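**Student:** What follows is start30.cif, mmCIF, C-alpha atoms, pLDDT in the B column; chains and numbers go by the auth columns.
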```cif
data_start
#
loop_
_atom_site.group_PDB
_atom_site.id
_atom_site.type_symbol
_atom_site.label_atom_id
_atom_site.label_comp_id
_atom_site.label_asym_id
_atom_site.label_seq_id
_atom_site.Cartn_x
_atom_site.Cartn_y
_atom_site.Cartn_z
_atom_site.B_iso_or_equiv
_atom_site.auth_seq_id
_atom_site.auth_asym_id
ATOM 1 C CA MET A 1 -15.419 43.514 31.446 43.00 1 A
ATOM 2 C CA ARG A 2 -14.341 42.772 27.874 38.00 2 A
ATOM 3 C CA SER A 3 -11.691 45.553 28.022 44.00 3 A
ATOM 4 C CA THR A 4 -9.928 44.158 31.133 42.00 4 A
ATOM 5 C CA PRO A 5 -7.390 41.966 29.247 44.00 5 A
ATOM 6 C CA MET A 6 -6.368 44.890 27.032 42.00 6 A
ATOM 7 C CA LYS A 7 -5.975 47.203 30.067 44.00 7 A
ATOM 8 C CA LEU A 8 -3.742 44.642 31.760 38.00 8 A
ATOM 9 C CA LEU A 9 -1.730 44.195 28.561 39.00 9 A
ATOM 10 C CA ARG A 10 -1.165 47.981 28.235 44.00 10 A
ATOM 11 C CA LEU A 11 -0.216 48.163 31.926 37.00 11 A
ATOM 12 C CA GLY A 12 2.237 45.320 31.509 42.00 12 A
ATOM 13 C CA LEU A 13 3.839 46.961 28.514 36.00 13 A
ATOM 14 C CA ARG A 14 4.350 50.187 30.460 42.00 14 A
ATOM 15 C CA LEU A 15 5.921 48.251 33.327 36.00 15 A
ATOM 16 C CA GLY A 16 8.074 46.196 30.992 41.00 16 A
ATOM 17 C CA ILE A 17 6.423 42.907 31.936 39.00 17 A
ATOM 18 C CA VAL A 18 3.695 40.706 30.488 39.00 18 A
ATOM 19 C CA LEU A 19 0.612 40.084 32.628 37.00 19 A
ATOM 20 C CA PHE A 20 -1.634 37.101 31.918 36.00 20 A
ATOM 21 C CA PRO A 21 -5.102 37.686 33.359 38.00 21 A
ATOM 22 C CA LEU A 22 -7.201 34.760 34.479 36.00 22 A
ATOM 23 C CA GLY A 23 -9.617 33.395 31.913 36.00 23 A
ATOM 24 C CA LEU A 24 -7.363 33.646 28.875 34.00 24 A
ATOM 25 C CA GLY A 25 -7.235 29.883 28.490 38.00 25 A
ATOM 26 C CA MET A 26 -3.588 29.216 29.339 37.00 26 A
ATOM 27 C CA GLY A 27 -4.260 25.475 29.694 44.00 27 A
ATOM 28 C CA CYS A 28 -6.559 24.934 26.723 47.00 28 A
ATOM 29 C CA ALA A 29 -6.406 25.649 23.000 46.00 29 A
ATOM 30 C CA ASP A 30 -9.712 25.820 21.138 49.00 30 A
ATOM 31 C CA ASN A 31 -8.220 26.671 17.759 54.00 31 A
ATOM 32 C CA ASP A 32 -9.987 24.425 15.248 61.00 32 A
ATOM 33 C CA SER A 33 -7.140 24.757 12.750 72.00 33 A
ATOM 34 C CA SER A 34 -4.428 23.505 15.114 85.00 34 A
ATOM 35 C CA LEU A 35 -5.870 19.989 15.215 90.00 35 A
ATOM 36 C CA TYR A 36 -8.142 18.778 12.435 93.00 36 A
ATOM 37 C CA ILE A 37 -9.622 15.610 10.946 96.00 37 A
ATOM 38 C CA GLU A 38 -8.673 15.210 7.301 95.00 38 A
ATOM 39 C CA GLY A 39 -10.866 12.198 6.554 97.00 39 A
ATOM 40 C CA VAL A 40 -11.939 8.632 7.281 97.00 40 A
ATOM 41 C CA LEU A 41 -9.472 6.154 5.801 96.00 41 A
ATOM 42 C CA ALA A 42 -10.691 3.429 3.463 93.00 42 A
ATOM 43 C CA PRO A 43 -9.926 -0.141 4.573 84.00 43 A
ATOM 44 C CA ASP A 44 -7.110 -1.674 2.545 81.00 44 A
ATOM 45 C CA ALA A 45 -7.994 -5.388 2.346 76.00 45 A
ATOM 46 C CA PRO A 46 -6.654 -7.980 2.811 78.00 46 A
ATOM 47 C CA ALA A 47 -3.785 -6.432 4.834 81.00 47 A
ATOM 48 C CA CYS A 48 -6.256 -4.142 6.656 85.00 48 A
ATOM 49 C CA GLU A 49 -3.498 -1.725 7.642 87.00 49 A
ATOM 50 C CA PHE A 50 -3.867 2.030 7.959 92.00 50 A
ATOM 51 C CA ASN A 51 -1.073 4.538 7.416 92.00 51 A
ATOM 52 C CA PRO A 52 -0.984 8.140 8.709 92.00 52 A
ATOM 53 C CA ASP A 53 -0.425 9.409 5.187 93.00 53 A
ATOM 54 C CA PRO A 54 -2.523 12.184 3.591 92.00 54 A
ATOM 55 C CA GLY A 55 -2.190 10.289 0.303 93.00 55 A
ATOM 56 C CA SER A 56 -4.100 7.281 1.680 94.00 56 A
ATOM 57 C CA LYS A 57 -7.496 6.482 0.176 94.00 57 A
ATOM 58 C CA LYS A 58 -10.418 7.980 2.041 96.00 58 A
ATOM 59 C CA LEU A 59 -14.134 7.275 2.259 96.00 59 A
ATOM 60 C CA PHE A 60 -16.734 9.854 1.266 96.00 60 A
ATOM 61 C CA SER A 61 -19.327 7.894 3.268 97.00 61 A
ATOM 62 C CA GLY A 62 -19.664 4.605 5.126 97.00 62 A
ATOM 63 C CA VAL A 63 -21.967 1.582 4.993 97.00 63 A
ATOM 64 C CA LEU A 64 -23.019 -0.579 7.941 98.00 64 A
ATOM 65 C CA ASP A 65 -24.778 -3.877 7.187 97.00 65 A
ATOM 66 C CA LEU A 66 -26.716 -4.789 10.312 97.00 66 A
ATOM 67 C CA ALA A 67 -27.090 -8.399 9.206 95.00 67 A
ATOM 68 C CA PHE A 68 -23.444 -8.860 10.246 95.00 68 A
ATOM 69 C CA ARG A 69 -22.553 -6.193 12.822 96.00 69 A
ATOM 70 C CA THR A 70 -24.277 -3.426 14.752 97.00 70 A
ATOM 71 C CA LYS A 71 -21.307 -1.137 15.441 97.00 71 A
ATOM 72 C CA TYR A 72 -19.523 1.127 12.961 98.00 72 A
ATOM 73 C CA GLU A 73 -15.853 1.813 13.695 96.00 73 A
ATOM 74 C CA GLY A 74 -13.702 4.074 11.560 95.00 74 A
ATOM 75 C CA VAL A 75 -10.076 5.141 11.481 95.00 75 A
ATOM 76 C CA VAL A 76 -9.660 8.896 10.985 96.00 76 A
ATOM 77 C CA LEU A 77 -6.576 10.731 9.758 96.00 77 A
ATOM 78 C CA VAL A 78 -5.773 13.604 12.126 94.00 78 A
ATOM 79 C CA GLY A 79 -3.502 16.540 11.312 91.00 79 A
ATOM 80 C CA ASN A 80 -1.462 18.557 13.827 88.00 80 A
ATOM 81 C CA GLN A 81 -0.531 22.089 12.738 85.00 81 A
ATOM 82 C CA LEU A 82 0.886 23.291 16.052 78.00 82 A
ATOM 83 C CA ALA A 83 4.196 25.053 15.458 64.00 83 A
ATOM 84 C CA PRO A 84 7.358 23.279 16.696 60.00 84 A
ATOM 85 C CA ARG A 85 8.764 24.696 19.947 56.00 85 A
ATOM 86 C CA GLY A 86 11.844 22.547 20.462 48.00 86 A
ATOM 87 C CA ASP A 87 15.382 23.868 20.049 44.00 87 A
ATOM 88 C CA LYS A 88 18.347 21.600 20.805 43.00 88 A
ATOM 89 C CA LYS A 89 20.755 24.525 20.817 48.00 89 A
ATOM 90 C CA GLN A 90 18.711 26.212 23.527 44.00 90 A
ATOM 91 C CA LEU A 91 18.138 22.879 25.352 42.00 91 A
ATOM 92 C CA ARG A 92 14.425 23.428 24.861 47.00 92 A
ATOM 93 C CA THR A 93 12.358 20.233 24.494 48.00 93 A
ATOM 94 C CA GLU A 94 9.623 19.813 21.904 51.00 94 A
ATOM 95 C CA THR A 95 6.159 20.379 23.400 68.00 95 A
ATOM 96 C CA SER A 96 3.923 20.533 20.303 76.00 96 A
ATOM 97 C CA GLY A 97 3.601 16.784 19.782 82.00 97 A
ATOM 98 C CA LEU A 98 0.092 15.667 20.660 87.00 98 A
ATOM 99 C CA GLN A 99 -1.203 12.632 22.541 90.00 99 A
ATOM 100 C CA ILE A 100 -4.741 11.700 21.456 93.00 100 A
ATOM 101 C CA ARG A 101 -7.043 10.907 24.372 94.00 101 A
ATOM 102 C CA GLY A 102 -10.316 10.269 22.596 95.00 102 A
ATOM 103 C CA SER A 103 -13.148 11.672 20.531 96.00 103 A
ATOM 104 C CA GLU A 104 -16.633 13.090 20.936 97.00 104 A
ATOM 105 C CA VAL A 105 -19.385 11.963 18.577 98.00 105 A
ATOM 106 C CA GLU A 106 -22.841 13.323 17.861 98.00 106 A
ATOM 107 C CA LEU A 107 -25.038 10.969 15.841 98.00 107 A
ATOM 108 C CA SER A 108 -28.052 12.377 14.028 98.00 108 A
ATOM 109 C CA MET A 109 -30.646 11.391 11.445 96.00 109 A
ATOM 110 C CA GLN A 110 -32.799 13.852 9.529 92.00 110 A
ATOM 111 C CA ASP A 111 -31.686 16.719 11.808 90.00 111 A
ATOM 112 C CA GLN A 112 -32.691 14.732 14.893 96.00 112 A
ATOM 113 C CA VAL A 113 -29.909 13.991 17.384 97.00 113 A
ATOM 114 C CA LEU A 114 -29.926 10.289 18.279 96.00 114 A
ATOM 115 C CA ASP A 115 -26.844 9.972 20.489 96.00 115 A
ATOM 116 C CA ARG A 116 -24.010 11.987 22.002 97.00 116 A
ATOM 117 C CA PHE A 117 -21.109 10.062 23.458 97.00 117 A
ATOM 118 C CA SER A 118 -17.373 10.054 24.069 96.00 118 A
ATOM 119 C CA VAL A 119 -14.936 7.382 22.912 93.00 119 A
ATOM 120 C CA ASN A 120 -11.605 6.755 24.591 93.00 120 A
ATOM 121 C CA GLY A 121 -8.675 6.512 22.213 88.00 121 A
ATOM 122 C CA GLY A 122 -4.925 6.604 21.954 86.00 122 A
ATOM 123 C CA GLY A 123 -2.263 7.616 19.505 87.00 123 A
ATOM 124 C CA PHE A 124 0.448 10.193 19.023 89.00 124 A
ATOM 125 C CA ILE A 125 0.781 12.908 16.389 87.00 125 A
ATOM 126 C CA ASP A 126 4.165 14.453 15.803 84.00 126 A
ATOM 127 C CA THR A 127 4.566 18.194 15.399 83.00 127 A
ATOM 128 C CA SER A 128 4.407 19.867 12.006 76.00 128 A
ATOM 129 C CA ARG A 129 7.559 20.230 9.927 72.00 129 A
ATOM 130 C CA ALA A 130 8.073 23.364 7.841 70.00 130 A
ATOM 131 C CA GLU A 131 4.666 23.845 6.182 76.00 131 A
ATOM 132 C CA THR A 132 3.676 20.176 6.449 83.00 132 A
ATOM 133 C CA PRO A 133 1.377 19.137 9.319 90.00 133 A
ATOM 134 C CA GLY A 134 2.154 16.117 11.436 90.00 134 A
ATOM 135 C CA PHE A 135 -0.293 13.243 10.918 93.00 135 A
ATOM 136 C CA GLY A 136 -1.611 10.479 13.132 93.00 136 A
ATOM 137 C CA LEU A 137 -4.516 8.047 13.403 94.00 137 A
ATOM 138 C CA ALA A 138 -7.462 7.741 15.755 94.00 138 A
ATOM 139 C CA SER A 139 -9.967 4.896 15.952 94.00 139 A
ATOM 140 C CA VAL A 140 -13.520 6.196 16.445 96.00 140 A
ATOM 141 C CA THR A 141 -16.762 4.341 17.146 96.00 141 A
ATOM 142 C CA MET A 142 -19.260 6.304 15.066 98.00 142 A
ATOM 143 C CA ILE A 143 -22.341 4.119 15.612 98.00 143 A
ATOM 144 C CA PRO A 144 -22.505 2.320 18.971 97.00 144 A
ATOM 145 C CA ALA A 145 -23.788 -1.258 19.125 97.00 145 A
ATOM 146 C CA SER A 146 -26.821 -0.188 21.169 96.00 146 A
ATOM 147 C CA ARG A 147 -28.004 2.175 18.418 97.00 147 A
ATOM 148 C CA GLY A 148 -27.253 -0.392 15.715 97.00 148 A
ATOM 149 C CA ALA A 149 -29.346 -2.990 17.528 97.00 149 A
ATOM 150 C CA LYS A 150 -32.347 -0.642 17.553 96.00 150 A
ATOM 151 C CA LEU A 151 -31.983 0.036 13.840 96.00 151 A
ATOM 152 C CA ALA A 152 -31.643 -3.697 13.151 96.00 152 A
ATOM 153 C CA GLU A 153 -35.123 -4.232 14.608 95.00 153 A
ATOM 154 C CA GLN A 154 -36.507 -1.743 12.090 94.00 154 A
ATOM 155 C CA LEU A 155 -34.636 -2.958 8.996 96.00 155 A
ATOM 156 C CA GLN A 156 -34.334 -6.700 9.539 93.00 156 A
ATOM 157 C CA GLY A 157 -35.251 -8.784 6.499 85.00 157 A
ATOM 158 C CA ASN A 158 -35.545 -5.855 4.069 88.00 158 A
ATOM 159 C CA PRO A 159 -32.344 -5.415 1.968 83.00 159 A
ATOM 160 C CA SER A 160 -33.830 -2.490 0.041 87.00 160 A
ATOM 161 C CA ALA A 161 -34.470 -0.368 3.142 92.00 161 A
ATOM 162 C CA TYR A 162 -31.828 1.830 4.691 93.00 162 A
ATOM 163 C CA ARG A 163 -31.263 4.801 6.987 96.00 163 A
ATOM 164 C CA THR A 164 -28.643 7.527 6.595 97.00 164 A
ATOM 165 C CA LEU A 165 -26.994 8.664 9.817 98.00 165 A
ATOM 166 C CA ILE A 166 -24.599 11.588 10.179 98.00 166 A
ATOM 167 C CA ALA A 167 -21.698 11.261 12.594 98.00 167 A
ATOM 168 C CA THR A 168 -20.187 14.567 13.711 98.00 168 A
ATOM 169 C CA ILE A 169 -16.752 13.901 15.197 97.00 169 A
ATOM 170 C CA ARG A 170 -14.285 15.912 17.253 97.00 170 A
ATOM 171 C CA VAL A 171 -10.911 14.505 18.318 96.00 171 A
ATOM 172 C CA TYR A 172 -9.178 15.819 21.427 95.00 172 A
ATOM 173 C CA GLY A 173 -5.864 15.341 23.179 92.00 173 A
ATOM 174 C CA ASP A 174 -3.028 16.998 25.076 89.00 174 A
ATOM 175 C CA THR A 175 0.229 18.426 23.833 87.00 175 A
ATOM 176 C CA LEU A 176 3.484 17.388 25.487 84.00 176 A
ATOM 177 C CA GLY A 177 3.381 20.851 27.018 82.00 177 A
ATOM 178 C CA GLY A 178 0.136 20.052 28.843 86.00 178 A
ATOM 179 C CA ILE A 179 -2.266 22.081 26.684 86.00 179 A
ATOM 180 C CA GLU A 180 -5.584 20.459 25.779 91.00 180 A
ATOM 181 C CA VAL A 181 -6.459 20.747 22.087 89.00 181 A
ATOM 182 C CA THR A 182 -9.745 19.867 20.370 94.00 182 A
ATOM 183 C CA SER A 183 -10.328 19.599 16.639 95.00 183 A
ATOM 184 C CA GLY A 184 -13.147 21.213 14.716 94.00 184 A
ATOM 185 C CA ASP A 185 -16.228 19.251 13.664 97.00 185 A
ATOM 186 C CA PHE A 186 -15.913 16.627 10.940 97.00 186 A
ATOM 187 C CA THR A 187 -19.136 15.158 9.506 97.00 187 A
ATOM 188 C CA PHE A 188 -19.357 11.684 8.008 98.00 188 A
ATOM 189 C CA PRO A 189 -22.553 10.112 6.542 98.00 189 A
ATOM 190 C CA ILE A 190 -23.175 6.392 7.104 98.00 190 A
ATOM 191 C CA ASP A 191 -25.833 4.338 5.312 98.00 191 A
ATOM 192 C CA VAL A 192 -27.291 1.651 7.564 98.00 192 A
ATOM 193 C CA CYS A 193 -29.013 -1.364 5.985 97.00 193 A
ATOM 194 C CA TRP A 194 -29.785 -5.091 6.333 96.00 194 A
ATOM 195 C CA GLY A 195 -28.035 -7.402 3.862 94.00 195 A
ATOM 196 C CA CYS A 196 -27.209 -4.656 1.349 94.00 196 A
ATOM 197 C CA LEU A 197 -23.479 -5.428 1.180 94.00 197 A
ATOM 198 C CA ILE A 198 -23.970 -9.018 -0.007 94.00 198 A
ATOM 199 C CA GLU A 199 -23.063 -9.660 -3.634 93.00 199 A
ATOM 200 C CA TYR A 200 -24.380 -12.591 -5.697 93.00 200 A
ATOM 201 C CA PRO A 201 -22.016 -13.345 -8.598 92.00 201 A
ATOM 202 C CA LEU A 202 -23.723 -15.088 -11.536 91.00 202 A
ATOM 203 C CA GLU A 203 -21.492 -18.133 -11.154 89.00 203 A
ATOM 204 C CA ALA A 204 -22.662 -18.523 -7.562 90.00 204 A
ATOM 205 C CA VAL A 205 -26.419 -18.267 -8.100 91.00 205 A
ATOM 206 C CA VAL A 206 -28.258 -21.545 -8.668 89.00 206 A
ATOM 207 C CA ASP A 207 -31.835 -22.835 -8.877 87.00 207 A
ATOM 208 C CA PRO A 208 -32.346 -25.348 -6.080 81.00 208 A
ATOM 209 C CA ALA A 209 -35.072 -27.088 -8.095 73.00 209 A
ATOM 210 C CA ASP A 210 -37.235 -27.409 -5.000 69.00 210 A
ATOM 211 C CA GLY A 211 -40.269 -25.963 -6.688 63.00 211 A
ATOM 212 C CA THR A 212 -40.192 -22.707 -4.752 67.00 212 A
ATOM 213 C CA GLY A 213 -39.139 -20.662 -7.767 66.00 213 A
ATOM 214 C CA GLY A 214 -36.409 -18.953 -5.740 80.00 214 A
ATOM 215 C CA LEU A 215 -32.664 -18.755 -6.279 89.00 215 A
ATOM 216 C CA VAL A 216 -29.926 -19.425 -3.765 91.00 216 A
ATOM 217 C CA CYS A 217 -26.212 -18.843 -3.407 91.00 217 A
ATOM 218 C CA GLY A 218 -25.019 -22.343 -4.139 83.00 218 A
ATOM 219 C CA GLY A 219 -21.442 -21.848 -5.245 73.00 219 A
ATOM 220 C CA ALA A 220 -18.533 -23.319 -3.343 76.00 220 A
ATOM 221 C CA ALA A 221 -16.591 -21.008 -1.062 75.00 221 A
ATOM 222 C CA GLU A 222 -13.253 -22.682 -1.820 77.00 222 A
ATOM 223 C CA GLY A 223 -10.917 -20.323 -3.641 72.00 223 A
ATOM 224 C CA VAL A 224 -13.108 -17.281 -2.982 80.00 224 A
ATOM 225 C CA THR A 225 -11.144 -14.638 -1.114 71.00 225 A
ATOM 226 C CA SER A 226 -12.766 -12.226 1.300 68.00 226 A
ATOM 227 C CA ASP A 227 -11.941 -8.529 0.982 70.00 227 A
ATOM 228 C CA GLN A 228 -13.505 -7.729 4.349 77.00 228 A
ATOM 229 C CA CYS A 229 -11.584 -6.060 7.146 86.00 229 A
ATOM 230 C CA LEU A 230 -14.675 -5.826 9.326 90.00 230 A
ATOM 231 C CA ARG A 231 -17.388 -8.034 7.864 91.00 231 A
ATOM 232 C CA GLY A 232 -20.499 -5.961 7.341 94.00 232 A
ATOM 233 C CA GLN A 233 -18.739 -2.621 7.051 95.00 233 A
ATOM 234 C CA ASP A 234 -18.020 -0.645 3.862 94.00 234 A
ATOM 235 C CA LEU A 235 -16.794 -3.480 1.595 91.00 235 A
ATOM 236 C CA PRO A 236 -18.986 -5.962 -0.361 91.00 236 A
ATOM 237 C CA ILE A 237 -19.411 -9.566 0.769 92.00 237 A
ATOM 238 C CA ASP A 238 -19.393 -12.474 -1.699 92.00 238 A
ATOM 239 C CA CYS A 239 -22.392 -14.621 -0.774 92.00 239 A
ATOM 240 C CA ARG A 240 -20.270 -17.772 -1.053 91.00 240 A
ATOM 241 C CA THR A 241 -18.155 -16.715 1.931 89.00 241 A
ATOM 242 C CA CYS A 242 -21.134 -16.594 4.292 89.00 242 A
ATOM 243 C CA ALA A 243 -23.905 -18.764 2.756 89.00 243 A
ATOM 244 C CA ALA A 244 -23.033 -21.752 4.931 85.00 244 A
ATOM 245 C CA GLU A 245 -23.444 -19.763 8.140 85.00 245 A
ATOM 246 C CA SER A 246 -26.195 -17.269 7.374 87.00 246 A
ATOM 247 C CA ASP A 247 -29.517 -17.543 5.584 88.00 247 A
ATOM 248 C CA VAL A 248 -29.161 -13.850 4.764 91.00 248 A
ATOM 249 C CA CYS A 249 -26.399 -14.848 2.345 92.00 249 A
ATOM 250 C CA TYR A 250 -28.012 -18.080 1.145 89.00 250 A
ATOM 251 C CA ARG A 251 -31.325 -16.773 -0.143 86.00 251 A
ATOM 252 C CA VAL A 252 -31.086 -14.471 -3.136 88.00 252 A
ATOM 253 C CA PRO A 253 -33.440 -11.492 -2.678 83.00 253 A
#
```
Now that the file is in, can you turn its structure into structure tokens?

**Tutor:**
Amino acid sequence: MRSTPMKLLRLGLRLGIVLFPLGLGMGCADNDSSLYIEGVLAPDAPACEFNPDPGSKKLFSGVLDLAFRTKYEGVVLVGNQLAPRGDKKQLRTETSGLQIRGSEVELSMQDQVLDRFSVNGGGFIDTSRAETPGFGLASVTMIPASRGAKLAEQLQGNPSAYRTLIATIRVYGDTLGGIEVTSGDFTFPIDVCWGCLIEYPLEAVVDPADGTGGLVCGGAAEGVTSDQCLRGQDLPIDCRTCAAESDVCYRVP
């Protein structure tokens, strides 16, 4: 059975034609190098904009603080290495541009698979130029809110405890020529905690003099800028920006 494609190819060559046997994947490309994830982009506060540029800063790992949010969402930089097919002289349109349709995520912890799910997404990646791939962006939910809520029950009230989850991501889409393309696996570790992103600057920590012997975040929030794009994800939180609304920020651990 494995020799059938080669027999048909030899027969086609003798007849001067090319035969395409069924099962050769004419409508699907599973070449992991054609479409690939280069990395998870670091949030650029306060503008919180992401650029499809390989020179953009990237994260080696993520942090999700469950005291503020239960879902981790990342923006991944995706490269398209499909060769250009368009030729204006031949009136041939370009078909190697790629429309992103979504991503598949496997979430694991200590080699145990916790979740497998698909995430709808959009975006367009232009074709490669010369030896430079085309780049685009895809937004991916790496930890769903349902899983975050379960972890919050385990970690609530303990800032020193954390769990490390591994998100394995594959992005998929269709070329303008109608061929489905899926990237190879990209793994991204995420530390999950409760209150670990809160910072307590010395000028903000005060003794309430209530006899409890504890310290609180008592500084004024006026003039303190927040560098958060998504509060509770990746970037530190000044306790003065959330002390008035959350006891997690008010009480110094």

**Student:** As a check of understanding, name the residues that the PyMOL selection byres ((chain A and resi 202) around 12) selects in the supplied structure, as a list in words.

**Tutor:**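 On this input, the PyMOL selection byres ((chain A and resi 202) around 12) captures Glu199, Tyr200, Pro201, Glu203, Ala204, Val205, Val206, Asp207, Leu215, Val216, Cys217, Gly218, Gly219, Asp238, Cys239, Arg240 and Val252 of chain A.
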
**Student:** Could you save the residues just selected, with C-alpha atoms, as a PDB file, keeping the file's coordinate frame?

**Tutor:**
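Done, and the output landed in selection23.pdb:
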```pdb
ATOM      1  CA  GLU A 199     -23.063  -9.660  -3.634  1.00 93.00           C
ATOM      2  CA  TYR A 200     -24.380 -12.591  -5.697  1.00 93.00           C
ATOM      3  CA  PRO A 201     -22.016 -13.345  -8.598  1.00 92.00           C
ATOM      4  CA  GLU A 203     -21.492 -18.133 -11.154  1.00 89.00           C
ATOM      5  CA  ALA A 204     -22.662 -18.523  -7.562  1.00 90.00           C
ATOM      6  CA  VAL A 205     -26.419 -18.267  -8.100  1.00 91.00           C
ATOM      7  CA  VAL A 206     -28.258 -21.545  -8.668  1.00 89.00           C
ATOM      8  CA  ASP A 207     -31.835 -22.835  -8.877  1.00 87.00           C
ATOM      9  CA  LEU A 215     -32.664 -18.755  -6.279  1.00 89.00           C
ATOM     10  CA  VAL A 216     -29.926 -19.425  -3.765  1.00 91.00           C
ATOM     11  CA  CYS A 217     -26.212 -18.843  -3.407  1.00 91.00           C
ATOM     12  CA  GLY A 218     -25.019 -22.343  -4.139  1.00 83.00           C
ATOM     13  CA  GLY A 219     -21.442 -21.848  -5.245  1.00 73.00           C
ATOM     14  CA  ASP A 238     -19.393 -12.474  -1.699  1.00 92.00           C
ATOM     15  CA  CYS A 239     -22.392 -14.621  -0.774  1.00 92.00           C
ATOM     16  CA  ARG A 240     -20.270 -17.772  -1.053  1.00 91.00           C
ATOM     17  CA  VAL A 252     -31.086 -14.471  -3.136  1.00 88.00           C
TER      18      VAL A 252
END
```

**Student:** For this file, the PyMOL selection byres ((chain A and resi 114-127) around 7) selects which residues, as a ChimeraX atom specification?

**Tutor:** /A:80-84,96-109,112-113,128-129,133-141

**Student:** Got a sec: who's within 10 Å of Val40 (chain A), counting all atoms listed in the file, leaving out chain neighbours fewer than 4 positions off, as a count of residues only?

**Tutor:** 19

**Student:** With only C-alpha atoms as the atoms that count, which of A:Gly148, A:Pro208, A:Gly178, A:Pro253 lies nearest to Asp191 (chain A)?

**Tutor:**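 Going through A:Gly148, A:Pro208, A:Gly178, A:Pro253 one by one, the smallest distance to Asp191 (chain A) is for A:Gly148.
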
**Student:** Report, in Å to a single decimal, how far apart CA of Glu73 (chain A) and CA of Asp185 (chain A) are.

**Tutor:**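 So the answer is 17.4 Å.
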
**Student:** Write out as a list in words the residues lying within 12 Å of Ser160 (chain A), counting all atoms listed in the file and excluding same-chain residues fewer than 5 positions away.

**Tutor:**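 Near Ser160 (chain A), the qualifying residues are Asp65, Leu155, Asp191, Val192, Cys193, Trp194, Gly195, Cys196, Leu197, Ile198 and Pro253 of chain A.
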
**Student:** Mind dumping the selected residues with C-alpha atoms as a PDB file, keeping the file's coordinate frame?

**Tutor:**
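File out27.pdb, as written:
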```
ATOM      1  CA  ASP A  65     -24.778  -3.877   7.187  1.00 97.00           C
ATOM      2  CA  LEU A 155     -34.636  -2.958   8.996  1.00 96.00           C
ATOM      3  CA  ASP A 191     -25.833   4.338   5.312  1.00 98.00           C
ATOM      4  CA  VAL A 192     -27.291   1.651   7.564  1.00 98.00           C
ATOM      5  CA  CYS A 193     -29.013  -1.364   5.985  1.00 97.00           C
ATOM      6  CA  TRP A 194     -29.785  -5.091   6.333  1.00 96.00           C
ATOM      7  CA  GLY A 195     -28.035  -7.402   3.862  1.00 94.00           C
ATOM      8  CA  CYS A 196     -27.209  -4.656   1.349  1.00 94.00           C
ATOM      9  CA  LEU A 197     -23.479  -5.428   1.180  1.00 94.00           C
ATOM     10  CA  ILE A 198     -23.970  -9.018  -0.007  1.00 94.00           C
ATOM     11  CA  PRO A 253     -33.440 -11.492  -2.678  1.00 83.00           C
TER      12      PRO A 253
END
```

**Student:** Quick check on the file I pasted: which residues fall under the PyMOL selection byres ((chain A and resi 45-49) around 8)? Write them as a list in words.

**Tutor:** Pro43, Asp44, Phe50, Asn51, Ser226, Asp227, Gln228 and Cys229 of chain A

**Student:** For CA of Glu38 (chain A) and CA of Pro144 (chain A), determine how far apart the two atoms are, in Å to one decimal place.

**Tutor:**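 For CA of Glu38 (chain A) relative to CA of Pro144 (chain A), the distance reads 22.2 Å.
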
**Student:** If we draw a sphere of 6 Å around (-24.1, 12.1, 7.1), which residues have at least one atom in it when counting all atoms listed in the file? Please report them as an NGL selection string.

**Tutor:** :A and (165-166 or 188-190)

**Student:** Could you tell me, as a ChimeraX atom specification, which residues have any atom at most 9 Å from (-33.6, -7.6, 8.6), counting all atoms listed in the file?

**Tutor:** /A:66-67,152-159,193-195,248

**Student:** Find the residue from A:Gly223, A:Gly232, A:Gly214, A:Gly79 that sits nearest to Thr182 (chain A); use only C-alpha atoms when measuring.

**Tutor:**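 Selected residue with least distance to Thr182 (chain A): A:Gly79.
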